[in-house]
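**Student:** I'd like to ask you about the structure that follows.
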Amino acid sequence: MLPIHWSTVRLFLHVLAATVWVGGQLTLAGLVPGLRAISPDAPRTVARRFNQIAWPAFAVLVLTGVWNITATHATFHGTYGVTLMVKLAVVAASGLSALLHARSPSKAGLAAWGAVGGLTALAALFFGIVLAGS
């Protein structure tokens with residue numbers, strides 16, 4: 001068996017949290033039409049339950065992201081640094097838009113912030129893969 005190092009644990013926790021944050025948002029978006037057919041309140045109820053899992057996952061993402069940056073001695077210079085800064089920006093946008101989505105009082109706000117949240121979560125995932133492959 002290959003050895004397991006702290007870097008393996010760090011990456012596992014980061015990917016696991018990303019799976020919950022990004023995959024959960026995509027799954028929930030796909031379920032909303034069916035939930036509405038069950039009850040007009042069902043999407044909100046399910047979203048509140050999802051938030052109890054999603055926000056701790058987001059916190060794990062941020063913590064393991066900081067751990068990744070410090071453990072790999074990532075540089076904020078050159079093309080790697082630019083990519084890292086873009087990733088950090090879309091992570092912040094993902095968290096902020098998800099928060100605005102959760103607090104939106106209107107259907108239009110829910111739709112708009114939900115779309116922005118999903119897209120920025122996917123962008124953060126994409127740039128994480130770019131950074132990991134460099």
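Here, A, B, ... name the chains of the structure tokens in the order displayed, residue numbers run from 1 inside each chain, and ligands are numbered from 1 in the same displayed order.
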For range 79-93 of chain A, find every residue with an atom within 12 Å (counting only C-alpha atoms), except residues of its own chain fewer than 6 positions away, and show them as a ChimeraX atom specification.
**Tutor:** /A:18,21-22,58-59,61-62,65-66,68-69,73,99-101,113-134
**Student:** Please report the interatomic distance between CA of Val9 in chain A and CA of Val60 in chain A in Å with one decimal.
**Tutor:**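 Those two atoms sit 12.4 Å apart.
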**Student:** Using only C-alpha atoms, which of A:Leu35, A:Arg48, A:Thr70, A:Thr64 sits nearest Val15 in chain A?
**Tutor:**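 Of A:Leu35, A:Arg48, A:Thr70, A:Thr64, the one nearest Val15 in chain A is A:Thr64, counting only C-alpha atoms.
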**Student:** Kindly give the distance, in Å, that separates CA of Ser39 in chain A and CA of Ala112 in chain A, rounded to a single decimal.
**Tutor:**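 Interatomic distance here is 21.7 Å.
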**Student:** What parts of chain A does DSSP call alpha helix (DSSP H)? I'd like the answer as an MDAnalysis selection string.
**Tutor:** chainID A and resid 6:18 24:38 42:71 78:103 107:132
**Student:** Considering only C-alpha atoms, can you say which of A:Leu2, A:Leu28, A:Val20, A:Ala37 comes closest to Ile53 in chain A?
**Tutor:**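 Between A:Leu2, A:Leu28, A:Val20, A:Ala37, the residue approaching Ile53 in chain A most closely is A:Val20.
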